[in-house]
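The next block is my_file-v6.tsv, given as TSV, C-alpha atoms.
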```tsv
chain	number	residue	atom	x	y	z
A	1	MET	CA	21.18	3.38	32.72
A	2	TYR	CA	23.99	3.02	30.18
A	3	LYS	CA	21.64	3.02	27.21
A	4	VAL	CA	20.37	6.50	28.10
A	5	ILE	CA	23.80	7.89	28.91
A	6	LEU	CA	25.41	6.47	25.77
A	7	ALA	CA	22.51	7.53	23.55
A	8	ILE	CA	23.03	11.13	24.68
A	9	GLY	CA	26.79	10.76	24.39
A	10	GLY	CA	26.52	9.26	20.90
A	11	TYR	CA	24.28	12.11	19.78
A	12	PHE	CA	26.86	14.74	20.73
A	13	LEU	CA	29.90	12.63	19.76
A	14	PHE	CA	28.58	12.36	16.20
A	15	LYS	CA	27.73	16.08	16.14
A	16	GLY	CA	23.98	15.81	16.46
A	17	SER	CA	23.67	12.64	14.36
A	18	ILE	CA	20.62	10.47	14.97
A	19	PHE	CA	22.79	7.51	13.94
A	20	GLY	CA	25.14	8.37	16.79
A	21	ALA	CA	22.28	8.39	19.27
A	22	ILE	CA	20.98	5.03	17.99
A	23	LEU	CA	24.46	3.50	18.13
A	24	GLY	CA	24.95	4.79	21.68
A	25	PHE	CA	21.58	3.43	22.78
A	26	PHE	CA	22.37	0.06	21.17
A	27	ILE	CA	25.75	-0.27	22.85
A	28	GLY	CA	24.36	0.93	26.18
A	29	SER	CA	21.62	-1.69	26.05
A	30	MET	CA	24.26	-4.34	25.40
A	31	VAL	CA	26.30	-3.20	28.41
A	32	ASP	CA	23.26	-3.11	30.71
A	33	ASN	CA	22.11	-6.58	29.67
A	34	PHE	CA	25.57	-8.11	29.72
A	35	GLN	CA	26.18	-6.90	33.28
A	36	LYS	CA	22.90	-8.39	34.45
A	37	VAL	CA	23.39	-11.74	32.76
A	38	SER	CA	27.08	-11.99	33.62
A	39	SER	CA	26.34	-11.24	37.29
A	40	SER	CA	23.54	-13.79	37.30
A	41	ALA	CA	25.74	-16.42	35.67
A	42	ARG	CA	28.52	-15.87	38.19
A	43	SER	CA	26.01	-16.19	41.04
A	44	ARG	CA	24.67	-19.45	39.66
A	45	ASN	CA	28.21	-20.75	39.24
A	46	GLY	CA	29.31	-19.76	42.72
A	47	GLY	CA	31.53	-16.98	41.40
A	48	LYS	CA	33.27	-19.24	38.88
A	49	ARG	CA	34.24	-18.29	35.32
A	50	VAL	CA	31.33	-17.88	32.91
A	51	THR	CA	31.29	-20.88	30.53
A	52	ALA	CA	30.51	-21.22	26.84
A	53	GLU	CA	26.99	-22.32	27.79
A	54	ASP	CA	26.55	-19.15	29.86
A	55	MET	CA	27.73	-17.08	26.91
A	56	PHE	CA	25.28	-18.81	24.59
A	57	GLN	CA	22.43	-18.25	27.04
A	58	TYR	CA	23.44	-14.61	27.34
A	59	TYR	CA	23.48	-14.24	23.57
A	60	GLN	CA	20.08	-15.88	23.19
A	61	GLN	CA	18.55	-13.86	26.04
A	62	HIS	CA	19.83	-10.55	24.73
A	63	SER	CA	18.78	-11.27	21.14
A	64	SER	CA	15.25	-12.34	22.13
A	65	SER	CA	14.68	-9.61	24.70
A	66	GLN	CA	15.94	-6.79	22.49
A	67	GLY	CA	14.61	-8.13	19.20
A	68	ARG	CA	17.95	-7.39	17.54
A	69	ASN	CA	21.53	-8.56	17.48
A	70	ASP	CA	24.31	-7.63	19.84
A	71	VAL	CA	26.84	-6.57	17.22
A	72	PRO	CA	29.88	-6.13	19.50
A	73	THR	CA	29.36	-9.60	21.01
A	74	MET	CA	28.93	-11.16	17.57
A	75	LEU	CA	32.13	-9.54	16.35
A	76	MET	CA	34.02	-10.73	19.41
A	77	ALA	CA	32.78	-14.29	18.80
A	78	LEU	CA	34.01	-14.20	15.21
A	79	SER	CA	37.28	-12.60	16.33
A	80	ALA	CA	37.91	-15.29	18.93
A	81	SER	CA	37.24	-18.04	16.39
A	82	VAL	CA	39.94	-16.71	14.07
A	83	MET	CA	42.38	-15.97	16.89
A	84	LYS	CA	42.08	-19.56	18.16
A	85	ALA	CA	42.24	-21.16	14.71
A	86	ASP	CA	45.99	-21.85	14.63
A	87	GLY	CA	46.15	-22.95	18.28
A	88	LYS	CA	47.79	-19.81	19.63
A	89	VAL	CA	46.47	-16.34	20.51
A	90	LEU	CA	49.06	-13.68	19.72
A	91	LYS	CA	49.52	-10.19	21.10
A	92	SER	CA	49.57	-8.78	17.57
A	93	GLU	CA	46.10	-10.21	16.98
A	94	LEU	CA	44.81	-8.79	20.24
A	95	ASN	CA	46.24	-5.37	19.39
A	96	TYR	CA	44.50	-5.47	16.01
A	97	VAL	CA	41.14	-6.20	17.67
A	98	LYS	CA	41.72	-3.46	20.26
A	99	SER	CA	42.47	-0.94	17.53
A	100	PHE	CA	39.33	-1.88	15.62
A	101	TYR	CA	37.10	-1.54	18.67
A	102	ASN	CA	38.65	1.74	19.72
A	103	GLN	CA	37.86	3.08	16.26
A	104	GLN	CA	34.34	1.63	16.14
A	105	PHE	CA	33.05	2.15	19.66
A	106	GLY	CA	35.48	4.45	21.45
A	107	ALA	CA	38.24	3.69	23.92
A	108	GLN	CA	35.82	3.94	26.87
A	109	TYR	CA	34.10	0.73	25.78
A	110	SER	CA	37.17	-1.36	24.96
A	111	GLN	CA	37.52	-3.00	28.40
A	112	GLN	CA	33.98	-4.34	28.29
A	113	HIS	CA	34.57	-5.67	24.81
A	114	LEU	CA	37.83	-7.33	25.84
A	115	GLN	CA	36.09	-9.09	28.72
A	116	THR	CA	33.60	-10.49	26.22
A	117	LEU	CA	36.45	-11.55	23.93
A	118	LYS	CA	38.21	-13.33	26.79
A	119	ARG	CA	35.08	-15.32	27.60
A	120	PHE	CA	34.88	-16.53	24.02
A	121	LEU	CA	38.61	-17.31	23.93
A	122	ASP	CA	38.22	-19.35	27.15
A	123	SER	CA	35.16	-21.18	25.83
A	124	ASP	CA	35.38	-24.64	24.32
A	125	GLU	CA	32.59	-23.89	21.89
A	126	ILE	CA	31.35	-20.71	20.18
A	127	PRO	CA	27.79	-20.65	18.69
A	128	LEU	CA	29.06	-19.62	15.25
A	129	GLN	CA	26.16	-21.11	13.30
A	130	LYS	CA	23.59	-19.09	15.23
A	131	ILE	CA	25.64	-15.91	15.11
A	132	CYS	CA	26.38	-16.18	11.40
A	133	GLN	CA	22.71	-16.86	10.63
A	134	ASP	CA	21.77	-13.66	12.46
A	135	ILE	CA	24.44	-11.71	10.57
A	136	LYS	CA	23.16	-13.10	7.28
A	137	MET	CA	19.59	-12.03	8.07
A	138	ARG	CA	20.39	-8.58	9.44
A	139	MET	CA	23.42	-7.27	7.53
A	140	GLN	CA	23.74	-6.21	3.91
A	141	PRO	CA	26.05	-8.28	1.65
A	142	GLU	CA	28.59	-5.45	1.43
A	143	VAL	CA	28.87	-5.29	5.22
A	144	ARG	CA	29.30	-9.06	5.46
A	145	VAL	CA	32.17	-8.86	2.98
A	146	GLN	CA	33.73	-6.12	5.10
A	147	LEU	CA	33.51	-8.43	8.11
A	148	LEU	CA	35.69	-10.90	6.18
A	149	HIS	CA	38.15	-8.09	5.58
A	150	TYR	CA	38.27	-7.51	9.35
A	151	LEU	CA	38.74	-11.22	10.10
A	152	PHE	CA	41.54	-11.57	7.57
A	153	GLY	CA	43.10	-8.50	9.17
A	154	ILE	CA	43.25	-10.40	12.47
A	155	ALA	CA	44.78	-13.43	10.74
A	156	LYS	CA	47.37	-11.24	8.98
A	157	ALA	CA	48.29	-9.32	12.15
A	158	ASP	CA	51.29	-11.58	12.80
A	159	GLY	CA	52.47	-11.22	9.19
A	160	ASP	CA	51.17	-14.57	7.96
A	161	VAL	CA	47.78	-16.10	7.22
A	162	SER	CA	47.79	-19.80	8.10
A	163	ASP	CA	45.78	-22.52	6.36
A	164	SER	CA	43.81	-23.13	9.57
A	165	GLU	CA	42.84	-19.44	9.75
A	166	ILE	CA	41.76	-19.47	6.11
A	167	SER	CA	39.66	-22.56	6.80
A	168	VAL	CA	37.86	-20.93	9.74
A	169	ILE	CA	37.19	-17.69	7.86
A	170	LYS	CA	35.94	-19.62	4.83
A	171	SER	CA	33.54	-21.54	7.07
A	172	ILE	CA	32.30	-18.27	8.60
A	173	ALA	CA	31.88	-16.78	5.13
A	174	GLY	CA	29.77	-19.74	4.03
A	175	MET	CA	27.55	-19.55	7.11
A	176	MET	CA	27.08	-15.79	6.55
A	177	GLY	CA	26.02	-16.39	2.95
A	178	VAL	CA	29.09	-14.78	1.36
A	179	SER	CA	29.77	-16.24	-2.08
A	180	ASN	CA	32.98	-18.14	-2.77
A	181	VAL	CA	33.92	-15.53	-5.38
A	182	ASP	CA	33.71	-12.74	-2.81
A	183	PHE	CA	35.57	-14.86	-0.25
A	184	GLU	CA	38.41	-15.54	-2.70
A	185	SER	CA	38.52	-11.87	-3.62
A	186	VAL	CA	39.03	-10.78	-0.03
A	187	LYS	CA	41.38	-13.68	0.76
A	188	ASN	CA	43.73	-12.72	-2.04
A	189	MET	CA	44.14	-9.25	-0.60
A	190	PHE	CA	45.90	-10.90	2.36
A	191	TYR	CA	47.12	-14.24	0.99
A	192	ARG	CA	48.68	-13.81	-2.41
A	193	ASP	CA	49.84	-16.25	-5.05
A	194	VAL	CA	50.60	-16.04	-8.77
A	195	ASP	CA	46.91	-15.84	-9.68
A	196	SER	CA	45.87	-13.38	-6.95
A	197	ASP	CA	45.07	-10.45	-9.24
A	198	TYR	CA	42.62	-12.61	-11.16
A	199	LYS	CA	41.08	-13.98	-7.97
A	200	VAL	CA	40.58	-10.49	-6.57
A	201	LEU	CA	38.40	-9.81	-9.62
A	202	GLY	CA	36.71	-13.22	-9.34
A	203	LEU	CA	38.27	-14.50	-12.56
A	204	GLU	CA	40.35	-17.35	-13.94
A	205	LYS	CA	43.60	-16.66	-15.82
A	206	GLU	CA	41.91	-17.82	-19.03
A	207	ALA	CA	39.41	-14.94	-18.95
A	208	THR	CA	39.25	-12.76	-22.08
A	209	ASP	CA	40.17	-9.07	-22.03
A	210	GLU	CA	36.49	-8.18	-22.28
A	211	GLU	CA	35.68	-10.45	-19.33
A	212	VAL	CA	38.44	-8.76	-17.32
A	213	LYS	CA	37.00	-5.31	-18.06
A	214	LYS	CA	33.47	-6.45	-17.24
A	215	ALA	CA	34.56	-8.06	-13.96
A	216	TYR	CA	36.45	-4.93	-12.94
A	217	ARG	CA	33.44	-2.68	-13.58
A	218	LYS	CA	31.18	-5.04	-11.63
A	219	MET	CA	33.54	-5.27	-8.64
A	220	ALA	CA	34.23	-1.53	-8.61
A	221	ILE	CA	30.50	-0.82	-8.36
A	222	LYS	CA	29.79	-3.58	-5.86
A	223	PHE	CA	32.57	-2.64	-3.46
A	224	HIS	CA	32.68	1.11	-3.83
A	225	PRO	CA	33.36	2.71	-0.40
A	226	ASP	CA	30.06	4.59	-0.63
A	227	LYS	CA	28.32	1.24	-0.03
A	228	VAL	CA	29.43	1.32	3.62
A	229	ALA	CA	29.50	5.08	4.13
A	230	GLN	CA	27.08	4.72	7.06
A	231	MET	CA	29.40	2.36	8.93
A	232	GLY	CA	32.28	3.21	11.27
A	233	GLU	CA	35.72	4.44	10.31
A	234	GLU	CA	37.33	0.98	10.33
A	235	TYR	CA	34.68	-0.41	7.96
A	236	GLN	CA	35.23	2.53	5.63
A	237	LYS	CA	38.98	2.03	5.81
A	238	GLY	CA	38.60	-1.62	4.88
A	239	ALA	CA	36.28	-0.74	1.99
A	240	LYS	CA	38.77	1.79	0.63
A	241	GLU	CA	41.59	-0.73	0.87
A	242	LYS	CA	39.53	-3.35	-0.98
A	243	PHE	CA	38.51	-0.84	-3.64
A	244	GLN	CA	42.16	0.13	-4.10
A	245	GLN	CA	43.16	-3.54	-4.35
A	246	ILE	CA	40.55	-4.08	-7.05
A	247	GLN	CA	42.00	-1.17	-9.00
A	248	ASP	CA	45.59	-2.36	-8.46
A	249	SER	CA	44.73	-5.90	-9.58
A	250	TYR	CA	43.00	-4.60	-12.69
A	251	GLU	CA	45.95	-2.39	-13.55
A	252	GLY	CA	48.33	-5.32	-12.95
A	253	ILE	CA	46.41	-7.54	-15.37
A	254	LYS	CA	46.20	-4.75	-17.94
A	255	THR	CA	49.95	-4.19	-17.78
A	256	ARG	CA	50.81	-7.86	-18.17
A	257	ARG	CA	48.38	-8.27	-21.06
A	258	GLY	CA	49.13	-4.94	-22.72
A	259	MET	CA	45.47	-3.95	-22.49
A	260	LYS	CA	44.28	-0.40	-23.07
```
Target encoding structure tokens, full file:
Amino acid sequence: MYKVILAIGGYFLFKGSIFGAILGFFIGSMVDNFQKVSSSARSRNGGKRVTAEDMFQYYQQHSSSQGRNDVPTMLMALSASVMKADGKVLKSELNYVKSFYNQQFGAQYSQQHLQTLKRFLDSDEIPLQKICQDIKMRMQPEVRVQLLHYLFGIAKADGDVSDSEISVIKSIAGMMGVSNVDFESVKNMFYRDVDSDYKVLGLEKEATDEEVKKAYRKMAIKFHPDKVAQMGEEYQKGAKEKFQQIQDSYEGIKTRRGMK
């Protein structure tokens, strides 16, 4: 039911866009399947809270039956992993996730998403390896890097990125197939030290001026906002922020070195 309603709604919401209709159908299918599996799980458990095992079974069932990934559920799993990393879940982090989902999927879907997030937060184990493998297979490298930007945004929501949060995000990056250079580049947009400008460009301080220029050109092309133009507003926002950081880091190095 929801997949038809949301497909039509997505078509008109995105002003006749086929992408909008596909996105609506995708989200609607997720809602329909989640309600069925969640209801079944509660029945099997005598009305008790759905466990991590139930969530994993739901994820597997939806992925196999639909032949594709449940993107909102995957994002909520990654979000929960970062939120739990330092041993405390903060309101600022929750507000950041809410804002992202309102931008990506519309306020009318946020409650369903938050219920999924809560289940992952309450779970003792999240199937990160499986989820990250699916992301690696299905998403372009540029989109995977933007997911790191989103995860670091959660970590930074309270004003500080802890070592435990960095460790979790680095692990996720590795499982998604994101290179260490790209990970360090994104990390240093949120967690800065004396060498951050070089790390944003994937360089060491000893790099020559020509290597700095070459790295800047490569990064500017690789992470140009046009690469994720088909994604939602929050992805585009993150891409623009990263592109601006690349430019700012390059200008900072040029100024300190007196480069032209």
Inset, instruction - Could you tell me which of A:Leu148, A:Met76, A:Leu203, A:Ala220 comes closest to Leu128 in chain A if we count all atoms listed in the file? - result: A:Met76
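Our summary of the geometry notes that CA of Gln111 in chain A is positioned 14.4 Å from CA of Tyr96 in chain A.
Across A:Glu93, A:Lys170, A:Gln115, A:Met176, the tightest approach to Gln133 in chain A is made by A:Met176 when counting all atoms listed in the file.
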Inset, instruction - Go through A:Asp209, A:Gln146, A:Thr255, A:Ser164 one by one, measure the shortest atom-to-atom distance of each to Phe183 in chain A using all atoms listed in the file, and give the residue with the smallest value. - result: A:Gln146
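Atom pair CA of Glu233 in chain A / CA of Glu142 in chain A has a distance of 15.1 Å (rounded to one decimal).
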Legend entry - Straight-line distance linking CA of Asp197 in chain A with CA of Gly153 in chain A, stated in Å to one decimal: 18.6 Å
Inset, instruction - Give as number ranges by chain the set of residues within 9 Å of the point (24.1, -14.5, 7.1), where distances use the file's coordinates and all atoms listed in the file. - result: A: 131-141, 144, 173-178
Could the residues of range 86-128 of chain A that have an atom at most 10 Å from range 235-246 of chain A be listed as a tab-separated table, each with its closest atom pair and the distance in Å to one decimal, counting all atoms listed in the file and ordered by chain and ascending residue number?
```
residue	atom	partner	partner_atom	distance
A:Phe100	CA	A:Tyr235	CA	9.1
A:Gln103	CA	A:Tyr235	CA	9.5
A:Gln104	CA	A:Tyr235	CA	8.4
```
Legend entry - Spatial neighbours of Ser167 in chain A, 9 Å, all atoms listed in the file, chain gap at least 5 places, as number ranges by chain: A: 85, 162, 172
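Proximity ranking of A:Lys205, A:Gln247, A:Lys187, A:Ala155 relative to Ile221 in chain A places A:Gln247 first, based on all atoms listed in the file.
Among A:Leu201, A:Met74, A:Val89, A:Val97, the residue with the shortest atom-to-atom distance to Ala215 in chain A, counting only C-alpha atoms, is A:Leu201.
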If I wrap all listed atoms of range 123-128 of chain A in a box with edges along x, y and z and add 4 Å on each side, what are its centre and edge lengths in Å to one decimal, as AutoDock Vina command-line options?
```
--center_x 31.6 --center_y -22.1 --center_z 20.5 --size_x 15.6 --size_y 13.0 --size_z 18.6
```
Inset, instruction - Check the smallest atom-to-atom distance from each of A:Ile126, A:Gly258, A:Phe190, A:Asp226 to Asp158 in chain A using all atoms listed in the file, then report the winner. - result: A:Phe190
